[in-house]
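Text of the file final.cif, holding mmCIF, C-alpha atoms:
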data_entry
#
loop_
_atom_site.label_atom_id
_atom_site.label_comp_id
_atom_site.auth_asym_id
_atom_site.auth_seq_id
_atom_site.Cartn_x
_atom_site.Cartn_y
_atom_site.Cartn_z
CA MET A 1 17.68 19.65 29.96
CA ASN A 2 21.00 20.19 28.20
CA LEU A 3 22.49 16.95 29.57
CA LEU A 4 19.23 15.06 28.97
CA PHE A 5 19.01 16.04 25.30
CA ALA A 6 22.72 15.39 24.80
CA LEU A 7 22.36 11.85 26.15
CA LEU A 8 19.18 11.28 24.16
CA PHE A 9 20.84 12.29 20.90
CA TYR A 10 23.90 10.14 21.57
CA VAL A 11 21.72 7.09 22.30
CA ALA A 12 19.35 7.80 19.41
CA THR A 13 22.26 8.17 16.96
CA LEU A 14 23.74 4.83 18.04
CA ILE A 15 20.36 3.13 17.65
CA LEU A 16 19.72 4.78 14.27
CA VAL A 17 23.11 3.94 12.75
CA GLY A 18 23.36 0.48 14.28
CA GLY A 19 19.74 -0.36 13.46
CA ILE A 20 20.01 0.69 9.83
CA ALA A 21 23.29 -1.20 9.43
CA TYR A 22 21.71 -4.35 10.87
CA ARG A 23 18.63 -4.06 8.63
CA VAL A 24 20.83 -3.60 5.56
CA TYR A 25 22.79 -6.70 6.64
CA GLU A 26 19.52 -8.63 6.89
CA TYR A 27 18.46 -7.46 3.43
CA ALA A 28 21.82 -8.50 1.99
CA GLN A 29 21.54 -11.98 3.55
CA ALA A 30 18.04 -12.65 2.20
CA PRO A 31 18.24 -15.36 -0.50
CA ALA A 32 17.22 -14.60 -4.08
CA PRO A 33 17.02 -18.08 -5.65
CA LEU A 34 15.11 -17.02 -8.76
CA LYS A 35 15.62 -14.58 -11.59
CA ILE A 36 12.46 -12.52 -11.14
CA PRO A 37 12.88 -8.95 -12.45
CA THR A 38 9.62 -7.16 -13.10
CA THR A 39 9.18 -6.85 -16.84
CA PRO A 40 9.79 -4.96 -19.02
CA ALA A 41 13.22 -5.20 -17.41
CA PRO A 42 16.67 -4.02 -18.58
CA THR A 43 19.01 -6.61 -20.07
CA THR A 44 22.25 -4.88 -19.07
CA THR A 45 23.80 -3.77 -15.78
CA GLY A 46 23.74 -0.16 -16.97
CA GLY A 47 20.04 -0.50 -17.64
CA VAL A 48 19.48 -1.79 -14.10
CA VAL A 49 21.38 1.19 -12.66
CA PHE A 50 19.26 3.58 -14.72
CA ARG A 51 16.09 1.79 -13.66
CA MET A 52 17.06 2.02 -10.00
CA PHE A 53 17.84 5.72 -10.46
CA ARG A 54 14.36 6.35 -11.88
CA GLU A 55 12.79 4.36 -9.05
CA VAL A 56 14.71 6.09 -6.25
CA VAL A 57 14.46 9.63 -7.60
CA PHE A 58 11.13 9.66 -9.42
CA PHE A 59 9.20 6.73 -7.81
CA GLU A 60 8.53 5.35 -11.28
CA SER A 61 6.53 2.27 -10.29
CA LEU A 62 4.34 4.30 -7.94
CA PHE A 63 3.77 6.85 -10.72
CA LYS A 64 2.47 4.07 -12.97
CA SER A 65 0.35 2.64 -10.15
CA ASN A 66 -1.40 5.65 -8.55
CA LEU A 67 -0.85 9.27 -9.51
CA TRP A 68 -2.40 10.73 -6.35
CA ILE A 69 -0.25 8.67 -3.99
CA TRP A 70 2.78 9.36 -6.17
CA ALA A 71 2.20 13.13 -6.03
CA LEU A 72 1.76 13.16 -2.25
CA GLY A 73 4.65 10.79 -1.63
CA TRP A 74 7.02 12.62 -3.95
CA LEU A 75 6.02 15.97 -2.44
CA PHE A 76 6.79 14.67 1.05
CA HIS A 77 10.09 13.00 0.16
CA VAL A 78 11.46 15.91 -1.87
CA GLY A 79 10.42 18.33 0.86
CA LEU A 80 12.04 16.12 3.49
CA ALA A 81 15.28 15.87 1.48
CA LEU A 82 15.55 19.66 1.17
CA VAL A 83 14.71 20.15 4.85
CA LEU A 84 17.40 17.67 5.90
CA LEU A 85 19.97 19.32 3.64
CA ARG A 86 19.02 22.72 5.06
CA HIS A 87 19.54 21.41 8.59
CA LEU A 88 23.15 20.49 7.79
CA ARG A 89 24.02 24.10 8.60
CA TYR A 90 23.60 23.19 12.28
CA PHE A 91 26.37 20.58 12.02
CA THR A 92 28.98 22.37 9.88
CA GLU A 93 31.13 25.45 10.34
CA PRO A 94 31.80 27.07 7.97
CA VAL A 95 28.62 26.25 6.07
CA ASN A 96 29.17 24.70 2.66
CA PHE A 97 28.23 26.88 -0.34
CA ILE A 98 25.62 24.42 -1.57
CA ILE A 99 23.98 24.18 1.86
CA ALA A 100 23.93 27.96 2.09
CA PHE A 101 22.41 28.20 -1.40
CA ILE A 102 19.47 25.89 -0.64
CA GLN A 103 18.52 27.60 2.63
CA PRO A 104 15.52 29.53 1.20
CA PHE A 105 14.35 26.49 -0.77
CA GLY A 106 14.68 24.22 2.25
CA MET A 107 12.77 26.68 4.39
CA TYR A 108 9.66 26.56 2.21
CA ALA A 109 10.13 22.86 1.48
CA GLY A 110 8.85 22.35 5.03
CA PHE A 111 5.40 23.35 3.78
CA ALA A 112 5.63 20.80 0.95
CA MET A 113 6.68 18.14 3.45
CA ALA A 114 3.76 18.94 5.77
CA ALA A 115 1.28 19.06 2.87
CA GLY A 116 2.42 15.68 1.56
CA LEU A 117 2.17 14.12 5.02
CA ALA A 118 -1.29 15.60 5.60
CA GLY A 119 -2.48 14.17 2.30
CA LEU A 120 -1.03 10.73 2.99
CA TRP A 121 -2.60 10.71 6.44
CA ALA A 122 -5.98 11.88 5.11
CA ARG A 123 -5.87 9.00 2.62
CA ARG A 124 -5.81 6.54 5.51
CA PHE A 125 -9.14 7.96 6.72
CA LEU A 126 -10.88 8.73 3.44
CA VAL A 127 -10.06 5.69 1.28
CA GLU A 128 -12.03 2.74 2.62
CA ARG A 129 -9.66 -0.07 1.60
CA ILE A 130 -6.66 1.88 2.97
CA ARG A 131 -8.54 2.67 6.19
CA TYR A 132 -9.26 -1.05 6.62
CA ILE A 133 -5.58 -2.09 6.49
CA SER A 134 -4.23 0.89 8.45
CA THR A 135 -2.87 0.06 11.91
CA PRO A 136 -2.38 2.37 14.91
CA SER A 137 1.36 2.42 14.19
CA ASP A 138 0.68 3.78 10.70
CA HIS A 139 -1.26 6.71 12.15
CA LEU A 140 1.25 7.30 14.94
CA MET A 141 4.23 7.44 12.57
CA LEU A 142 2.45 9.87 10.25
CA ALA A 143 1.46 11.97 13.26
CA LEU A 144 5.05 11.97 14.50
CA LEU A 145 6.43 13.08 11.12
CA LEU A 146 3.76 15.74 10.76
CA GLY A 147 4.43 16.94 14.31
CA ILE A 148 8.12 17.38 13.51
CA ALA A 149 7.29 19.34 10.36
CA VAL A 150 4.70 21.57 12.04
CA THR A 151 6.82 22.40 15.09
CA GLY A 152 9.75 23.19 12.82
CA LEU A 153 7.62 25.57 10.76
CA LEU A 154 6.20 27.18 13.90
CA MET A 155 9.67 27.88 15.22
CA LYS A 156 10.63 29.44 11.91
CA PHE A 157 7.59 31.64 11.35
CA VAL A 158 5.76 32.01 14.68
CA MET A 159 7.64 31.17 17.90
CA HIS A 160 11.27 31.94 17.08
CA THR A 161 14.18 30.47 18.99
CA ASP A 162 17.90 31.24 19.22
CA ILE A 163 19.25 29.25 16.26
CA VAL A 164 22.83 30.32 17.01
CA ALA A 165 22.60 28.65 20.41
CA VAL A 166 21.00 25.59 18.80
CA LYS A 167 23.89 25.32 16.34
CA THR A 168 26.40 25.75 19.16
CA PHE A 169 24.71 22.89 21.03
CA PHE A 170 24.93 20.46 18.09
CA LEU A 171 28.44 21.46 17.11
CA GLY A 172 29.40 20.78 20.72
CA LEU A 173 27.82 17.32 20.65
CA MET A 174 30.06 16.39 17.73
CA VAL A 175 33.14 16.92 19.91
CA PHE A 176 31.50 15.57 23.11
CA GLU A 177 30.99 19.01 24.59
CA ILE A 178 27.62 19.93 26.09
CA ASN A 179 26.53 23.52 25.51
CA PRO A 180 23.26 25.09 26.69
CA LEU A 181 20.09 24.81 24.64
CA PRO A 182 17.62 27.71 24.51
CA ALA A 183 14.82 27.26 27.07
CA HIS A 184 12.10 27.01 24.44
CA PRO A 185 9.09 24.62 24.78
CA GLY A 186 8.62 24.39 21.02
CA LEU A 187 12.27 23.47 20.55
CA TYR A 188 12.09 20.83 23.27
CA LEU A 189 8.99 19.32 21.64
CA HIS A 190 10.58 19.39 18.18
CA LEU A 191 13.84 17.79 19.30
CA GLY A 192 12.01 15.25 21.45
CA MET A 193 10.03 14.05 18.45
CA VAL A 194 13.17 13.93 16.33
CA VAL A 195 14.85 11.72 18.95
CA LEU A 196 11.80 9.44 19.05
CA LEU A 197 11.82 9.16 15.24
CA MET A 198 15.53 8.27 15.24
CA ILE A 199 14.92 5.50 17.76
CA ILE A 200 11.92 3.88 16.06
CA PHE A 201 13.08 4.41 12.48
CA PRO A 202 15.23 1.23 12.15
CA VAL A 203 12.43 -1.03 13.46
CA SER A 204 9.52 0.57 11.60
CA LYS A 205 8.17 0.35 8.07
CA LEU A 206 9.57 3.84 7.52
CA LEU A 207 12.86 2.10 6.72
CA HIS A 208 11.91 1.01 3.21
CA ALA A 209 14.51 2.78 1.06
CA PRO A 210 17.41 0.30 1.63
CA GLY A 211 15.13 -2.61 0.82
CA LEU A 212 14.56 -1.23 -2.66
CA PHE A 213 18.21 -1.78 -3.55
CA PHE A 214 17.96 -5.44 -2.52
CA SER A 215 14.65 -6.15 -4.28
CA PRO A 216 15.21 -8.89 -6.90
CA THR A 217 12.31 -7.56 -8.94
CA ARG A 218 14.25 -4.30 -9.42
CA ASN A 219 17.98 -5.04 -9.14
CA GLN A 220 18.27 -8.04 -11.44
CA VAL A 221 19.27 -8.05 -15.09
CA ASP A 222 16.75 -9.80 -17.34
CA ASN A 223 19.16 -12.32 -18.89
CA PRO A 224 18.06 -15.80 -17.70
CA ARG A 225 18.70 -17.33 -21.13
CA GLU A 226 22.17 -15.89 -21.49
CA THR A 227 23.44 -16.34 -17.91
CA ARG A 228 22.55 -18.93 -15.32
CA HIS A 229 21.34 -17.35 -12.09
CA LEU A 230 22.84 -19.09 -9.06
CA ALA A 231 22.28 -17.74 -5.56
CA PRO A 232 25.37 -17.81 -3.29
CA TRP A 233 23.82 -20.38 -0.93
CA ALA A 234 22.89 -22.60 -3.88
CA ALA A 235 26.44 -22.34 -5.23
CA GLN A 236 27.77 -23.62 -1.92
CA LEU A 237 25.46 -26.63 -2.05
CA GLU A 238 26.46 -27.31 -5.65
CA ARG A 239 30.15 -27.26 -4.77
CA LYS A 240 29.56 -29.70 -1.91
CA ALA A 241 27.67 -32.04 -4.22
#
Spit out the file's structure as structure tokens when you get a sec.
Amino acid sequence: MNLLFALLFYVATLILVGGIAYRVYEYAQAPAPLKIPTTPAPTTTGGVVFRMFREVVFFESLFKSNLWIWALGWLFHVGLALVLLRHLRYFTEPVNFIIAFIQPFGMYAGFAMAAGLAGLWARRFLVERIRYISTPSDHLMLALLLGIAVTGLLMKFVMHTDIVAVKTFFLGLMVFEINPLPAHPGLYLHLGMVVLLMIIFPVSKLLHAPGLFFSPTRNQVDNPRETRHLAPWAAQLERKA
């Protein structure tokens, strides 16, 4: 099992990093021929940066659209961010002061993450118009994320595992050294789902964050009267003409 999980994490990491890089490349290559920022839009670059900050951190447009979805989505994403930061202790030695400081917050953030996911999944059953457009992949991805959260919480509060050995395993992977994992079914299930998520993440709709930065409705300055907007591909055609 040690060799199997080591190989799985190496392959999954390559797919995750390479897949995200390729998707970002695709986003960057998508043409934006029109000046189409969603109004009211900022008229300066600084205003665009501030708008993007509000969108990324506070989900501003979702807040204005639907408070219930915003609350559940923000609960999940903030919980996930704290959980991921907490897990950095398994990849660093010594552990950074900030990572050590957030350990208790990250531990209970797992409950917030699971609650947000449960609410978002329930919405796909209870809201008729959302149930109509939901696909099997939508349910499977939510189930996978919730499974990761639940198994992680179970290992913390119910079926404990040797976290020192787990850290030794992951620190070893970073220097291409395979150390033994604890023989723990819950840990195997948790890590297996994490590997699966890493593999499918670049090709699923879960990868929506990078697209936000390339959205012309959000990243453009509202100055069509002051500055002519010319897409790079259109500039090439103009030079040839």
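Distances here use all atoms listed in the file; by that measure, the residue among A:Val221, A:Val57, A:Ala81, A:Val127 closest to Gly110 in chain A is A:Ala81.
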Any chance you could work out the residue set of the PyMOL selection byres ((chain A and resi 213) around 10) here, as a short mmCIF file (atom, residue, chain, number, x, y, z; two decimals) with C-alpha atoms, in the frame of the given file?
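Just written: selection.cif:
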data_model
loop_
_atom_site.label_atom_id
_atom_site.label_comp_id
_atom_site.auth_asym_id
_atom_site.auth_seq_id
_atom_site.Cartn_x
_atom_site.Cartn_y
_atom_site.Cartn_z
CA VAL A 24 20.83 -3.60 5.56
CA TYR A 27 18.46 -7.46 3.43
CA ALA A 28 21.82 -8.50 1.99
CA MET A 52 17.06 2.02 -10.00
CA GLU A 55 12.79 4.36 -9.05
CA VAL A 56 14.71 6.09 -6.25
CA HIS A 208 11.91 1.01 3.21
CA ALA A 209 14.51 2.78 1.06
CA PRO A 210 17.41 0.30 1.63
CA GLY A 211 15.13 -2.61 0.82
CA LEU A 212 14.56 -1.23 -2.66
CA PHE A 214 17.96 -5.44 -2.52
CA SER A 215 14.65 -6.15 -4.28
CA PRO A 216 15.21 -8.89 -6.90
CA THR A 217 12.31 -7.56 -8.94
CA ARG A 218 14.25 -4.30 -9.42
CA ASN A 219 17.98 -5.04 -9.14
#
Item checked: Ref. answer, residues at most 12 Å from (-6.1, 8.9, 6.7) with all atoms listed in the file, as a list of chain:residue names ->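 Residues found, by chain and rising number: A:Leu117, A:Ala118, A:Gly119, A:Leu120, A:Trp121, A:Ala122, A:Arg123, A:Arg124, A:Phe125, A:Leu126, A:Val127, A:Glu128, A:Arg129, A:Ile130, A:Arg131, A:Tyr132, A:Ile133, A:Ser134, A:Thr135, A:Pro136, A:Asp138, A:His139, A:Leu140, A:Met141, A:Leu142, A:Ala143.
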Output file for the selection above: C-alpha atoms, as a PDB file, keeping the file's coordinate frame:
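Below is the file again14.pdb, written as the result:
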ATOM      1  CA  LEU A 117       2.170  14.120   5.020  1.00  0.00           C
ATOM      2  CA  ALA A 118      -1.290  15.600   5.600  1.00  0.00           C
ATOM      3  CA  GLY A 119      -2.480  14.170   2.300  1.00  0.00           C
ATOM      4  CA  LEU A 120      -1.030  10.730   2.990  1.00  0.00           C
ATOM      5  CA  TRP A 121      -2.600  10.710   6.440  1.00  0.00           C
ATOM      6  CA  ALA A 122      -5.980  11.880   5.110  1.00  0.00           C
ATOM      7  CA  ARG A 123      -5.870   9.000   2.620  1.00  0.00           C
ATOM      8  CA  ARG A 124      -5.810   6.540   5.510  1.00  0.00           C
ATOM      9  CA  PHE A 125      -9.140   7.960   6.720  1.00  0.00           C
ATOM     10  CA  LEU A 126     -10.880   8.730   3.440  1.00  0.00           C
ATOM     11  CA  VAL A 127     -10.060   5.690   1.280  1.00  0.00           C
ATOM     12  CA  GLU A 128     -12.030   2.740   2.620  1.00  0.00           C
ATOM     13  CA  ARG A 129      -9.660  -0.070   1.600  1.00  0.00           C
ATOM     14  CA  ILE A 130      -6.660   1.880   2.970  1.00  0.00           C
ATOM     15  CA  ARG A 131      -8.540   2.670   6.190  1.00  0.00           C
ATOM     16  CA  TYR A 132      -9.260  -1.050   6.620  1.00  0.00           C
ATOM     17  CA  ILE A 133      -5.580  -2.090   6.490  1.00  0.00           C
ATOM     18  CA  SER A 134      -4.230   0.890   8.450  1.00  0.00           C
ATOM     19  CA  THR A 135      -2.870   0.060  11.910  1.00  0.00           C
ATOM     20  CA  PRO A 136      -2.380   2.370  14.910  1.00  0.00           C
ATOM     21  CA  ASP A 138       0.680   3.780  10.700  1.00  0.00           C
ATOM     22  CA  HIS A 139      -1.260   6.710  12.150  1.00  0.00           C
ATOM     23  CA  LEU A 140       1.250   7.300  14.940  1.00  0.00           C
ATOM     24  CA  MET A 141       4.230   7.440  12.570  1.00  0.00           C
ATOM     25  CA  LEU A 142       2.450   9.870  10.250  1.00  0.00           C
ATOM     26  CA  ALA A 143       1.460  11.970  13.260  1.00  0.00           C
TER      27      ALA A 143
END
Check: So how far away is CA of Val11 in chain A from CA of Tyr25 in chain A, in Å?
Finding: 20.9 Å
Next item on the list: Please measure the separation of CA of Ala30 in chain A and CA of Val48 in chain A, giving the value in Å to one decimal.
Entry: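 Between these atoms lies a distance of 19.6 Å.
Here CA of Pro202 in chain A stands at a distance of 5.0 Å from CA of Gly19 in chain A.
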Margin query: Taking 5 positions as the minimum chain separation for residues in the same chain, which residues sit within 9 Å of Met107 in chain A when counting all atoms listed in the file? Answer as a count of residues only.
Written below: 6
Next item on the list: Give as a list in words every residue, naming chains and numbers as the document does, that has an atom within 8 Å of (10.6, 18.4, 1.4), counting all atoms listed in the file.
Entry: Leu75, Phe76, His77, Val78, Gly79, Leu80, Ala81, Leu82, Val83, Gly106, Ala109, Gly110, Phe111, Ala112 and Met113 of chain A
Residue completion, range 154-179 of chain A, N, CA and C atoms, as a PDB file, keeping the file's coordinate frame:
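The resulting part-v3.pdb:
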ATOM      1  N   LEU A 154       6.615  26.210  12.881  1.00  0.00           N
ATOM      2  CA  LEU A 154       6.200  27.180  13.900  1.00  0.00           C
ATOM      3  C   LEU A 154       7.399  27.930  14.472  1.00  0.00           C
ATOM      4  N   MET A 155       8.486  27.212  14.688  1.00  0.00           N
ATOM      5  CA  MET A 155       9.670  27.880  15.220  1.00  0.00           C
ATOM      6  C   MET A 155      10.279  28.847  14.211  1.00  0.00           C
ATOM      7  N   LYS A 156      10.074  28.556  12.940  1.00  0.00           N
ATOM      8  CA  LYS A 156      10.630  29.440  11.910  1.00  0.00           C
ATOM      9  C   LYS A 156       9.783  30.688  11.723  1.00  0.00           C
ATOM     10  N   PHE A 157       8.455  30.530  11.742  1.00  0.00           N
ATOM     11  CA  PHE A 157       7.590  31.640  11.350  1.00  0.00           C
ATOM     12  C   PHE A 157       6.768  32.229  12.490  1.00  0.00           C
ATOM     13  N   VAL A 158       6.641  31.532  13.607  1.00  0.00           N
ATOM     14  CA  VAL A 158       5.760  32.010  14.680  1.00  0.00           C
ATOM     15  C   VAL A 158       6.518  32.196  15.995  1.00  0.00           C
ATOM     16  N   MET A 159       6.982  31.106  16.588  1.00  0.00           N
ATOM     17  CA  MET A 159       7.640  31.170  17.900  1.00  0.00           C
ATOM     18  C   MET A 159       9.143  30.954  17.714  1.00  0.00           C
ATOM     19  N   HIS A 160       9.846  32.020  17.419  1.00  0.00           N
ATOM     20  CA  HIS A 160      11.270  31.940  17.080  1.00  0.00           C
ATOM     21  C   HIS A 160      12.113  31.521  18.274  1.00  0.00           C
ATOM     22  N   THR A 161      13.230  30.868  17.952  1.00  0.00           N
ATOM     23  CA  THR A 161      14.180  30.470  18.990  1.00  0.00           C
ATOM     24  C   THR A 161      15.581  30.928  18.575  1.00  0.00           C
ATOM     25  N   ASP A 162      16.523  30.804  19.468  1.00  0.00           N
ATOM     26  CA  ASP A 162      17.900  31.240  19.220  1.00  0.00           C
ATOM     27  C   ASP A 162      18.625  30.156  18.425  1.00  0.00           C
ATOM     28  N   ILE A 163      18.659  30.301  17.097  1.00  0.00           N
ATOM     29  CA  ILE A 163      19.250  29.250  16.260  1.00  0.00           C
ATOM     30  C   ILE A 163      20.775  29.219  16.396  1.00  0.00           C
ATOM     31  N   VAL A 164      21.377  30.324  16.789  1.00  0.00           N
ATOM     32  CA  VAL A 164      22.830  30.320  17.010  1.00  0.00           C
ATOM     33  C   VAL A 164      23.173  29.415  18.184  1.00  0.00           C
ATOM     34  N   ALA A 165      22.377  29.513  19.260  1.00  0.00           N
ATOM     35  CA  ALA A 165      22.600  28.650  20.410  1.00  0.00           C
ATOM     36  C   ALA A 165      22.320  27.187  20.073  1.00  0.00           C
ATOM     37  N   VAL A 166      21.302  26.953  19.222  1.00  0.00           N
ATOM     38  CA  VAL A 166      21.000  25.590  18.800  1.00  0.00           C
ATOM     39  C   VAL A 166      22.173  25.000  18.018  1.00  0.00           C
ATOM     40  N   LYS A 167      22.740  25.796  17.121  1.00  0.00           N
ATOM     41  CA  LYS A 167      23.890  25.320  16.340  1.00  0.00           C
ATOM     42  C   LYS A 167      25.085  25.065  17.257  1.00  0.00           C
ATOM     43  N   THR A 168      25.305  25.937  18.209  1.00  0.00           N
ATOM     44  CA  THR A 168      26.400  25.750  19.160  1.00  0.00           C
ATOM     45  C   THR A 168      26.234  24.439  19.928  1.00  0.00           C
ATOM     46  N   PHE A 169      24.993  24.121  20.298  1.00  0.00           N
ATOM     47  CA  PHE A 169      24.710  22.890  21.030  1.00  0.00           C
ATOM     48  C   PHE A 169      25.092  21.672  20.198  1.00  0.00           C
ATOM     49  N   PHE A 170      24.676  21.641  18.916  1.00  0.00           N
ATOM     50  CA  PHE A 170      24.930  20.460  18.090  1.00  0.00           C
ATOM     51  C   PHE A 170      26.381  20.371  17.643  1.00  0.00           C
ATOM     52  N   LEU A 171      27.014  21.499  17.400  1.00  0.00           N
ATOM     53  CA  LEU A 171      28.440  21.460  17.110  1.00  0.00           C
ATOM     54  C   LEU A 171      29.218  20.931  18.315  1.00  0.00           C
ATOM     55  N   GLY A 172      28.765  21.284  19.519  1.00  0.00           N
ATOM     56  CA  GLY A 172      29.400  20.780  20.720  1.00  0.00           C
ATOM     57  C   GLY A 172      29.240  19.276  20.876  1.00  0.00           C
ATOM     58  N   LEU A 173      28.048  18.759  20.537  1.00  0.00           N
ATOM     59  CA  LEU A 173      27.820  17.320  20.650  1.00  0.00           C
ATOM     60  C   LEU A 173      28.791  16.534  19.775  1.00  0.00           C
ATOM     61  N   MET A 174      29.175  17.096  18.662  1.00  0.00           N
ATOM     62  CA  MET A 174      30.060  16.390  17.730  1.00  0.00           C
ATOM     63  C   MET A 174      31.469  16.247  18.277  1.00  0.00           C
ATOM     64  N   VAL A 175      31.825  17.046  19.268  1.00  0.00           N
ATOM     65  CA  VAL A 175      33.140  16.920  19.910  1.00  0.00           C
ATOM     66  C   VAL A 175      32.982  16.581  21.400  1.00  0.00           C
ATOM     67  N   PHE A 176      31.803  16.013  21.744  1.00  0.00           N
ATOM     68  CA  PHE A 176      31.500  15.570  23.110  1.00  0.00           C
ATOM     69  C   PHE A 176      31.598  16.719  24.116  1.00  0.00           C
ATOM     70  N   GLU A 177      31.050  17.841  23.714  1.00  0.00           N
ATOM     71  CA  GLU A 177      30.990  19.010  24.590  1.00  0.00           C
ATOM     72  C   GLU A 177      29.542  19.459  24.688  1.00  0.00           C
ATOM     73  N   ILE A 178      29.035  19.600  25.895  1.00  0.00           N
ATOM     74  CA  ILE A 178      27.620  19.930  26.090  1.00  0.00           C
ATOM     75  C   ILE A 178      27.470  21.424  26.346  1.00  0.00           C
ATOM     76  N   ASN A 179      26.821  22.099  25.397  1.00  0.00           N
ATOM     77  CA  ASN A 179      26.530  23.520  25.510  1.00  0.00           C
ATOM     78  C   ASN A 179      25.050  23.728  25.787  1.00  0.00           C
TER      79      ASN A 179
END
